[in-house]
Number of protein chains: 2
Amino acid sequence: MTDTILSPIPLTPQDFAPYGDVLAAEGDHVMINEGWCKRFHDRARLETDDAGRAGISIFHAQPRHFPYRFDLIERHPLGSQAFLPMTQHPFLVIVAAEAGARPVAFLTNGRQGINLHRGTWHGVLTPLAEPGLFAVVDRIGTGVNLEEYRYAQPWTVVDQGARS
Amino acid sequence: MTDTILSPIPLTPQDFAPYGDVLAAEGDHVMINEGWCKRFHDRARLETDDAGRAGISIFHAQPRHFPYRFDLIERHPLGSQAFLPMTQHPFLVIVAAEAGARPVAFLTNGRQGINLHRGTWHGVLTPLAEPGLFAVVDRIGTGVNLEEYRYAQPWTVVDQGARS
């Protein structure tokens with residue numbers, strides 16, 4: 001029987017690199033505003049097709065709880081999609097290398113946003129606490145920018161440490 | 001003698017309209033993710049010149065405290081600039097209709113980002129609590145995209161209600 005339990009791992013730029021960018025105040029930066037502010041410059045690979053453009057939307061999602069079951073993943077073939085939390089609450093990031101592949105569950109540390117590269121398979125937005133508020137930078141435009149894949153059996157994400 | 005005291009007013013889309021967009025989970029939206037998420041679609045007027053492109057950076061600014069004194073404002077002639085707080089802490093937004101004009105101080109409600117329209121005069125990023133973490137969507141590109149103006153005398157922003 002296939003193991004359908006997923007245990008989230010900490011989100012790091014290295015582990016997340018195949019799927020997208022981690023957006024955080026870490027690494028190289030410049031000082032601006034007379035020394036009062038660090039700028040971590042241009043951290044996301046924003047992509048859209050020529051018919052689209054980047055825009056900012058606000059998402060307000062209901063929190064989920066562990067154990068979290070899902071069977072649906074999706075991807076956006078025409079552009080990247082960034083999720084910028086407007087709270088300090090960690091959230092779940094579920095991705096998959098391809099449709100049908102075993103998903104990977106990441107948990108943010110409360111000071112991280114993400115940018116999913118164009119075409120990355122991912123679970124829907126999954127906050128774990130109220131309010132599930134995010135600024136989203138993604139492609140605005142006409143055309144079919146959503147593909148969905150449903151697994152034959154659901155996956156269950158358990159709390160970190162609950163499995164070992 | 002000119003009154004140099006500013007008392008912040010609540011940030012509303014109506015009052016902020018001459019300067020930019022308020023980005024919040026309010027108003028028209030569509031339901032996505034099988035009813036789990038509200039999408040408030042395409043809320044910012046993103047602008048760049050043809051030589052630039054929109055990008056996402058992370059700003060980490062030191063918090064300020066009331067009474068807050070400043071004499072410098074700036075603007076970006078080549079593009080818009082959005083500030084998306086990664087916390088639920090209210091922050092100060094200082095803008096001016098033109099260089100030399102009396103500034104206006106807004107206070108966010110902890111669930112709002114802003115997008116400054118191209119060329120809007122504004123104060124530097126002004127969080128009021130740790131951590132002063134923001135995702136910023138602005139123009140990435142070469143060219144001179146910063147103008148500064150220094151008032152002959154400083155302005156002082158006092159806490160709401162401290163003045164009346």
# chains A, B, ... in the order shown; residues from 1 in each chain; ligands from 1

$ interface_residues --of "chain A" --to "chain B" --cutoff "8 Å" --atoms "only C-alpha atoms" --output "PyMOL selection string"
chain A and resi 23-25+33+36-46+54-62+84-88+111+124-125+133+135+140

$ write_last_selection --atoms "N, CA, C and O atoms" --output "CSV table (one decimal), in the first residue's frame"
chain,number,residue,atom,x,y,z
A,23,LEU,N,10.9,34.0,-0.6
A,23,LEU,CA,11.0,35.5,-0.5
A,23,LEU,C,11.1,35.9,0.9
A,23,LEU,O,10.1,35.8,1.7
A,24,ALA,N,12.3,36.2,1.4
A,24,ALA,CA,12.5,36.5,2.8
A,24,ALA,C,13.7,37.5,2.9
A,24,ALA,O,14.4,37.8,2.0
A,25,ALA,N,13.8,38.1,4.1
A,25,ALA,CA,14.8,39.1,4.4
A,25,ALA,C,16.1,38.4,4.8
A,25,ALA,O,16.6,38.5,5.9
A,33,ASN,N,17.2,54.4,2.6
A,33,ASN,CA,16.5,55.3,3.6
A,33,ASN,C,17.5,55.7,4.7
A,33,ASN,O,17.1,55.6,5.9
A,36,TRP,N,18.0,53.1,7.5
A,36,TRP,CA,16.9,52.6,8.3
A,36,TRP,C,16.3,51.3,7.7
A,36,TRP,O,15.4,50.7,8.3
A,37,CYS,N,16.6,51.0,6.5
A,37,CYS,CA,15.9,49.9,5.8
A,37,CYS,C,16.9,49.1,4.9
A,37,CYS,O,17.7,49.6,4.2
A,38,LYS,N,16.7,47.7,5.0
A,38,LYS,CA,17.4,46.8,4.1
A,38,LYS,C,16.5,46.4,3.0
A,38,LYS,O,15.4,46.0,3.2
A,39,ARG,N,17.1,46.5,1.8
A,39,ARG,CA,16.3,46.1,0.6
A,39,ARG,C,17.0,44.8,0.0
A,39,ARG,O,18.1,44.8,-0.4
A,40,PHE,N,16.2,43.7,0.0
A,40,PHE,CA,16.6,42.5,-0.6
A,40,PHE,C,15.9,42.5,-2.0
A,40,PHE,O,14.7,42.2,-2.1
A,41,HIS,N,16.7,42.8,-2.9
A,41,HIS,CA,16.3,43.2,-4.2
A,41,HIS,C,15.9,42.1,-5.2
A,41,HIS,O,16.7,41.2,-5.4
A,42,ASP,N,14.7,42.3,-5.8
A,42,ASP,CA,14.3,41.5,-7.0
A,42,ASP,C,14.5,40.0,-6.8
A,42,ASP,O,15.3,39.4,-7.5
A,43,ARG,N,13.7,39.5,-5.8
A,43,ARG,CA,13.9,38.1,-5.4
A,43,ARG,C,13.1,37.1,-6.1
A,43,ARG,O,13.2,35.9,-5.8
A,44,ALA,N,12.2,37.5,-7.0
A,44,ALA,CA,11.2,36.5,-7.6
A,44,ALA,C,11.4,36.5,-9.1
A,44,ALA,O,11.6,37.5,-9.7
A,45,ARG,N,11.3,35.3,-9.7
A,45,ARG,CA,11.3,35.2,-11.1
A,45,ARG,C,9.9,35.3,-11.6
A,45,ARG,O,9.1,34.3,-11.7
A,46,LEU,N,9.4,36.6,-11.8
A,46,LEU,CA,8.1,36.8,-12.3
A,46,LEU,C,8.0,36.4,-13.8
A,46,LEU,O,8.8,36.8,-14.6
A,54,ALA,N,1.7,41.3,-15.0
A,54,ALA,CA,1.7,41.0,-13.6
A,54,ALA,C,0.7,41.9,-12.9
A,54,ALA,O,0.6,43.1,-13.3
A,55,GLY,N,0.1,41.4,-11.9
A,55,GLY,CA,-0.9,42.3,-11.1
A,55,GLY,C,-0.9,41.8,-9.6
A,55,GLY,O,-0.4,40.7,-9.3
A,56,ILE,N,-1.4,42.7,-8.8
A,56,ILE,CA,-1.5,42.3,-7.3
A,56,ILE,C,-3.0,42.1,-7.0
A,56,ILE,O,-3.8,43.0,-7.2
A,57,SER,N,-3.3,40.9,-6.4
A,57,SER,CA,-4.6,40.6,-5.9
A,57,SER,C,-4.4,40.3,-4.4
A,57,SER,O,-3.3,40.1,-3.9
A,58,ILE,N,-5.6,40.3,-3.7
A,58,ILE,CA,-5.6,39.9,-2.3
A,58,ILE,C,-6.4,38.7,-2.2
A,58,ILE,O,-7.5,38.6,-2.7
A,59,PHE,N,-5.8,37.7,-1.5
A,59,PHE,CA,-6.6,36.4,-1.2
A,59,PHE,C,-6.9,36.4,0.3
A,59,PHE,O,-6.1,36.7,1.1
A,60,HIS,N,-8.1,35.9,0.6
A,60,HIS,CA,-8.5,35.7,1.9
A,60,HIS,C,-9.0,34.3,2.0
A,60,HIS,O,-10.1,34.0,1.6
A,61,ALA,N,-8.2,33.4,2.6
A,61,ALA,CA,-8.5,32.0,2.6
A,61,ALA,C,-8.8,31.5,4.0
A,61,ALA,O,-8.3,32.0,5.0
A,62,GLN,N,-9.7,30.5,4.1
A,62,GLN,CA,-10.0,29.9,5.4
A,62,GLN,C,-8.9,29.0,5.9
A,62,GLN,O,-8.3,28.3,5.1
A,84,LEU,N,2.3,36.2,-0.8
A,84,LEU,CA,3.0,37.0,0.2
A,84,LEU,C,2.1,37.2,1.4
A,84,LEU,O,1.1,37.9,1.4
A,85,PRO,N,2.4,36.5,2.5
A,85,PRO,CA,1.5,36.5,3.7
A,85,PRO,C,1.4,37.9,4.3
A,85,PRO,O,2.5,38.5,4.4
A,86,MET,N,0.3,38.3,4.7
A,86,MET,CA,0.1,39.6,5.4
A,86,MET,C,0.0,39.4,6.9
A,86,MET,O,-0.6,40.2,7.6
A,87,THR,N,0.5,38.2,7.3
A,87,THR,CA,0.5,37.9,8.8
A,87,THR,C,1.9,37.2,9.0
A,87,THR,O,2.6,36.9,8.1
A,88,GLN,N,2.2,37.0,10.3
A,88,GLN,CA,3.4,36.2,10.6
A,88,GLN,C,3.1,34.8,10.9
A,88,GLN,O,4.0,34.1,11.5
A,111,ARG,N,8.1,34.2,8.3
A,111,ARG,CA,8.8,35.4,7.7
A,111,ARG,C,9.1,35.2,6.3
A,111,ARG,O,10.1,35.7,5.8
A,124,VAL,N,-3.7,24.1,-3.3
A,124,VAL,CA,-4.3,25.4,-3.1
A,124,VAL,C,-3.8,26.1,-1.9
A,124,VAL,O,-3.1,25.5,-1.0
A,125,LEU,N,-4.0,27.4,-1.8
A,125,LEU,CA,-3.5,28.2,-0.7
A,125,LEU,C,-3.9,27.6,0.7
A,125,LEU,O,-5.1,27.4,0.9
A,133,LEU,N,-4.8,35.9,5.2
A,133,LEU,CA,-4.6,37.0,4.2
A,133,LEU,C,-3.3,37.0,3.5
A,133,LEU,O,-2.2,36.9,4.2
A,135,ALA,N,-1.2,38.8,-0.1
A,135,ALA,CA,-1.1,39.5,-1.3
A,135,ALA,C,-0.5,38.5,-2.3
A,135,ALA,O,0.4,37.7,-2.0
A,140,ILE,N,-2.3,38.5,-14.8
A,140,ILE,CA,-3.6,39.0,-15.1
A,140,ILE,C,-3.8,39.0,-16.6
A,140,ILE,O,-3.0,39.5,-17.4

$ select_by_dssp --residues "chain B" --states "strand (DSSP E)" --output "PyMOL selection string"
chain B and resi 5-6+9-10+20-23+30-32+37-40+53-61+68-75+81-85+91-96+104-107+113-116+121-122+126-127+132-140+147-157

$ atom_distance --atom1 "atom CA of A:Val157" --atom2 "atom CA of A:Pro8"
7.0 Å

$ atom_distance --atom1 "atom CA of B:Glu148" --atom2 "atom CA of B:Pro127"
20.1 Å

$ select_by_dssp --residues "chain A" --states "alpha helix (DSSP H)" --output "list in words"
Pro13, Gln14, Asp15 and Phe16 of chain A

$ write_last_selection --atoms "N, CA, C and O atoms" --output "mmCIF file, in the first residue's frame"
data_model
loop_
_atom_site.group_PDB
_atom_site.id
_atom_site.type_symbol
_atom_site.label_atom_id
_atom_site.label_comp_id
_atom_site.auth_asym_id
_atom_site.auth_seq_id
_atom_site.Cartn_x
_atom_site.Cartn_y
_atom_site.Cartn_z
ATOM 1 N N PRO A 13 15.349 27.926 0.648
ATOM 2 C CA PRO A 13 15.563 28.218 -0.778
ATOM 3 C C PRO A 13 16.139 27.023 -1.532
ATOM 4 O O PRO A 13 15.765 26.788 -2.691
ATOM 5 N N GLN A 14 17.015 26.277 -0.879
ATOM 6 C CA GLN A 14 17.653 25.156 -1.567
ATOM 7 C C GLN A 14 16.624 24.076 -1.913
ATOM 8 O O GLN A 14 16.525 23.625 -3.052
ATOM 9 N N ASP A 15 15.849 23.650 -0.918
ATOM 10 C CA ASP A 15 14.890 22.576 -1.161
ATOM 11 C C ASP A 15 13.752 23.017 -2.081
ATOM 12 O O ASP A 15 13.149 22.194 -2.781
ATOM 13 N N PHE A 16 13.427 24.331 -2.044
ATOM 14 C CA PHE A 16 12.296 24.816 -2.828
ATOM 15 C C PHE A 16 12.695 25.204 -4.256
ATOM 16 O O PHE A 16 11.824 25.454 -5.102
#

$ residues_around --residues "A:Thr142" --least-positions-apart "2" --cutoff "9 Å" --atoms "only C-alpha atoms" --output "PDB file with C-alpha atoms, in the first residue's frame"
ATOM      1  CA  ALA A  51      -0.851  38.333 -23.527  1.00  0.00           C
ATOM      2  CA  GLY A  52      -0.707  38.800 -19.761  1.00  0.00           C
ATOM      3  CA  ILE A 140      -3.622  39.044 -15.106  1.00  0.00           C
ATOM      4  CA  VAL A 144      -6.873  29.449 -19.784  1.00  0.00           C
ATOM      5  CA  ASN A 145      -4.302  29.714 -16.997  1.00  0.00           C
TER       6      ASN A 145
END

$ closest_residue --among "B:Glu130, B:Gln153, B:Thr120, B:Asp3" --to "B:His65" --atoms "only C-alpha atoms"
B:Glu130

$ atom_distance --atom1 "atom CA of A:Val158" --atom2 "atom CA of A:Ser7"
5.5 Å

$ residues_around --residues "A:Asp159" --least-positions-apart "6" --cutoff "12 Å" --atoms "only C-alpha atoms" --output "JSON, numbers by chain"
{"A": [5, 6, 7, 8, 9, 10, 64, 65, 66, 67, 68, 69, 91, 92, 105, 106, 107, 128]}

$ write_last_selection --atoms "all heavy atoms" --output "compact mmCIF listing (two decimals), in the first residue's frame"
# COMPACT_ATOMS: atom_id res chain seq x y z
N ILE A 5 0.95 9.54 3.74
CA ILE A 5 1.16 10.53 4.81
C ILE A 5 2.32 11.45 4.42
O ILE A 5 3.38 10.98 4.03
CB ILE A 5 1.50 9.84 6.15
CG1 ILE A 5 0.41 8.85 6.53
CG2 ILE A 5 1.72 10.88 7.24
CD1 ILE A 5 -0.92 9.47 6.84
N LEU A 6 2.11 12.75 4.53
CA LEU A 6 3.15 13.74 4.25
C LEU A 6 3.47 14.50 5.54
O LEU A 6 2.57 14.96 6.23
CB LEU A 6 2.69 14.74 3.20
CG LEU A 6 2.25 14.19 1.84
CD1 LEU A 6 1.72 15.32 0.96
CD2 LEU A 6 3.42 13.50 1.15
N SER A 7 4.75 14.62 5.83
CA SER A 7 5.18 15.37 7.00
C SER A 7 5.89 16.62 6.49
O SER A 7 6.85 16.52 5.74
CB SER A 7 6.15 14.50 7.80
OG SER A 7 6.25 14.95 9.11
N PRO A 8 5.41 17.82 6.85
CA PRO A 8 6.00 19.02 6.26
C PRO A 8 7.44 19.22 6.70
O PRO A 8 7.81 18.91 7.84
CB PRO A 8 5.11 20.15 6.75
CG PRO A 8 4.28 19.60 7.84
CD PRO A 8 4.29 18.11 7.74
N ILE A 9 8.23 19.73 5.78
CA ILE A 9 9.62 20.06 6.09
C ILE A 9 9.78 21.57 6.03
O ILE A 9 9.00 22.27 5.38
CB ILE A 9 10.60 19.37 5.11
CG1 ILE A 9 10.32 19.80 3.67
CG2 ILE A 9 10.49 17.85 5.24
CD1 ILE A 9 11.33 19.23 2.67
N PRO A 10 10.80 22.11 6.75
CA PRO A 10 10.99 23.56 6.74
C PRO A 10 11.26 24.08 5.33
O PRO A 10 11.98 23.44 4.56
CB PRO A 10 12.20 23.77 7.65
CG PRO A 10 12.28 22.54 8.50
CD PRO A 10 11.76 21.43 7.63
N ARG A 64 -6.82 25.95 7.41
CA ARG A 64 -6.95 24.50 7.49
C ARG A 64 -6.28 24.03 8.78
O ARG A 64 -5.56 24.78 9.42
CB ARG A 64 -6.29 23.82 6.29
CG ARG A 64 -6.65 24.42 4.95
CD ARG A 64 -8.14 24.45 4.69
NE ARG A 64 -8.40 24.38 3.26
CZ ARG A 64 -8.27 25.39 2.41
NH1 ARG A 64 -7.87 26.57 2.82
NH2 ARG A 64 -8.55 25.22 1.12
N HIS A 65 -6.48 22.77 9.10
CA HIS A 65 -5.92 22.20 10.33
C HIS A 65 -5.33 20.83 10.04
O HIS A 65 -5.75 20.14 9.11
CB HIS A 65 -7.01 22.10 11.39
CG HIS A 65 -7.68 23.41 11.66
ND1 HIS A 65 -7.10 24.41 12.43
CD2 HIS A 65 -8.86 23.93 11.23
CE1 HIS A 65 -7.90 25.46 12.47
NE2 HIS A 65 -8.97 25.20 11.74
N PHE A 66 -4.34 20.45 10.83
CA PHE A 66 -3.78 19.10 10.74
C PHE A 66 -4.72 18.11 11.42
O PHE A 66 -5.33 18.47 12.42
CB PHE A 66 -2.41 19.05 11.42
CG PHE A 66 -1.36 19.89 10.74
CD1 PHE A 66 -0.78 20.98 11.39
CD2 PHE A 66 -0.93 19.59 9.46
CE1 PHE A 66 0.19 21.75 10.76
CE2 PHE A 66 0.05 20.35 8.83
CZ PHE A 66 0.60 21.43 9.49
N PRO A 67 -4.82 16.86 10.98
CA PRO A 67 -4.30 16.37 9.70
C PRO A 67 -5.10 16.97 8.54
O PRO A 67 -6.33 17.03 8.59
CB PRO A 67 -4.49 14.86 9.80
CG PRO A 67 -5.63 14.69 10.76
CD PRO A 67 -5.54 15.83 11.73
N TYR A 68 -4.37 17.39 7.49
CA TYR A 68 -4.98 18.06 6.33
C TYR A 68 -4.99 17.10 5.15
O TYR A 68 -3.95 16.65 4.69
CB TYR A 68 -4.19 19.33 6.01
CG TYR A 68 -4.59 19.97 4.70
CD1 TYR A 68 -5.88 20.48 4.51
CD2 TYR A 68 -3.67 20.08 3.66
CE1 TYR A 68 -6.25 21.06 3.31
CE2 TYR A 68 -4.03 20.66 2.45
CZ TYR A 68 -5.31 21.15 2.28
OH TYR A 68 -5.68 21.72 1.08
N ARG A 69 -6.19 16.79 4.68
CA ARG A 69 -6.33 15.88 3.54
C ARG A 69 -6.61 16.65 2.26
O ARG A 69 -7.40 17.60 2.27
CB ARG A 69 -7.49 14.91 3.79
CG ARG A 69 -7.12 13.72 4.68
CD ARG A 69 -8.36 13.03 5.18
NE ARG A 69 -9.17 12.49 4.10
CZ ARG A 69 -9.21 11.20 3.78
NH1 ARG A 69 -8.52 10.32 4.45
NH2 ARG A 69 -9.98 10.78 2.79
N PHE A 91 2.50 29.03 7.00
CA PHE A 91 1.47 28.40 6.17
C PHE A 91 2.09 27.22 5.42
O PHE A 91 3.31 27.12 5.30
CB PHE A 91 0.78 29.39 5.23
CG PHE A 91 1.67 30.03 4.20
CD1 PHE A 91 1.66 29.60 2.87
CD2 PHE A 91 2.50 31.09 4.53
CE1 PHE A 91 2.46 30.21 1.90
CE2 PHE A 91 3.32 31.71 3.57
CZ PHE A 91 3.29 31.26 2.26
N LEU A 92 1.22 26.34 4.97
CA LEU A 92 1.65 25.14 4.25
C LEU A 92 1.85 25.46 2.77
O LEU A 92 1.04 26.18 2.18
CB LEU A 92 0.58 24.06 4.34
CG LEU A 92 0.68 22.97 5.39
CD1 LEU A 92 -0.48 21.99 5.18
CD2 LEU A 92 2.01 22.23 5.31
N ALA A 105 5.40 18.63 1.05
CA ALA A 105 4.78 19.66 1.88
C ALA A 105 5.86 20.44 2.63
O ALA A 105 6.70 19.85 3.32
CB ALA A 105 3.82 19.02 2.88
N PHE A 106 5.86 21.76 2.43
CA PHE A 106 6.77 22.65 3.14
C PHE A 106 5.98 23.47 4.15
O PHE A 106 4.81 23.79 3.92
CB PHE A 106 7.45 23.62 2.17
CG PHE A 106 8.42 22.99 1.21
CD1 PHE A 106 8.02 22.64 -0.09
CD2 PHE A 106 9.74 22.77 1.57
CE1 PHE A 106 8.91 22.08 -0.99
CE2 PHE A 106 10.64 22.21 0.68
CZ PHE A 106 10.23 21.86 -0.60
N LEU A 107 6.64 23.84 5.25
CA LEU A 107 6.03 24.75 6.22
C LEU A 107 6.91 26.00 6.30
O LEU A 107 8.13 25.90 6.51
CB LEU A 107 5.93 24.09 7.59
CG LEU A 107 5.17 24.87 8.65
CD1 LEU A 107 3.70 25.01 8.29
CD2 LEU A 107 5.31 24.19 10.03
N LEU A 128 -2.86 28.28 8.06
CA LEU A 128 -3.12 27.43 9.22
C LEU A 128 -3.71 28.22 10.39
O LEU A 128 -3.92 27.67 11.47
CB LEU A 128 -1.83 26.73 9.67
CG LEU A 128 -1.22 25.79 8.63
CD1 LEU A 128 0.18 25.36 9.04
CD2 LEU A 128 -2.13 24.58 8.40
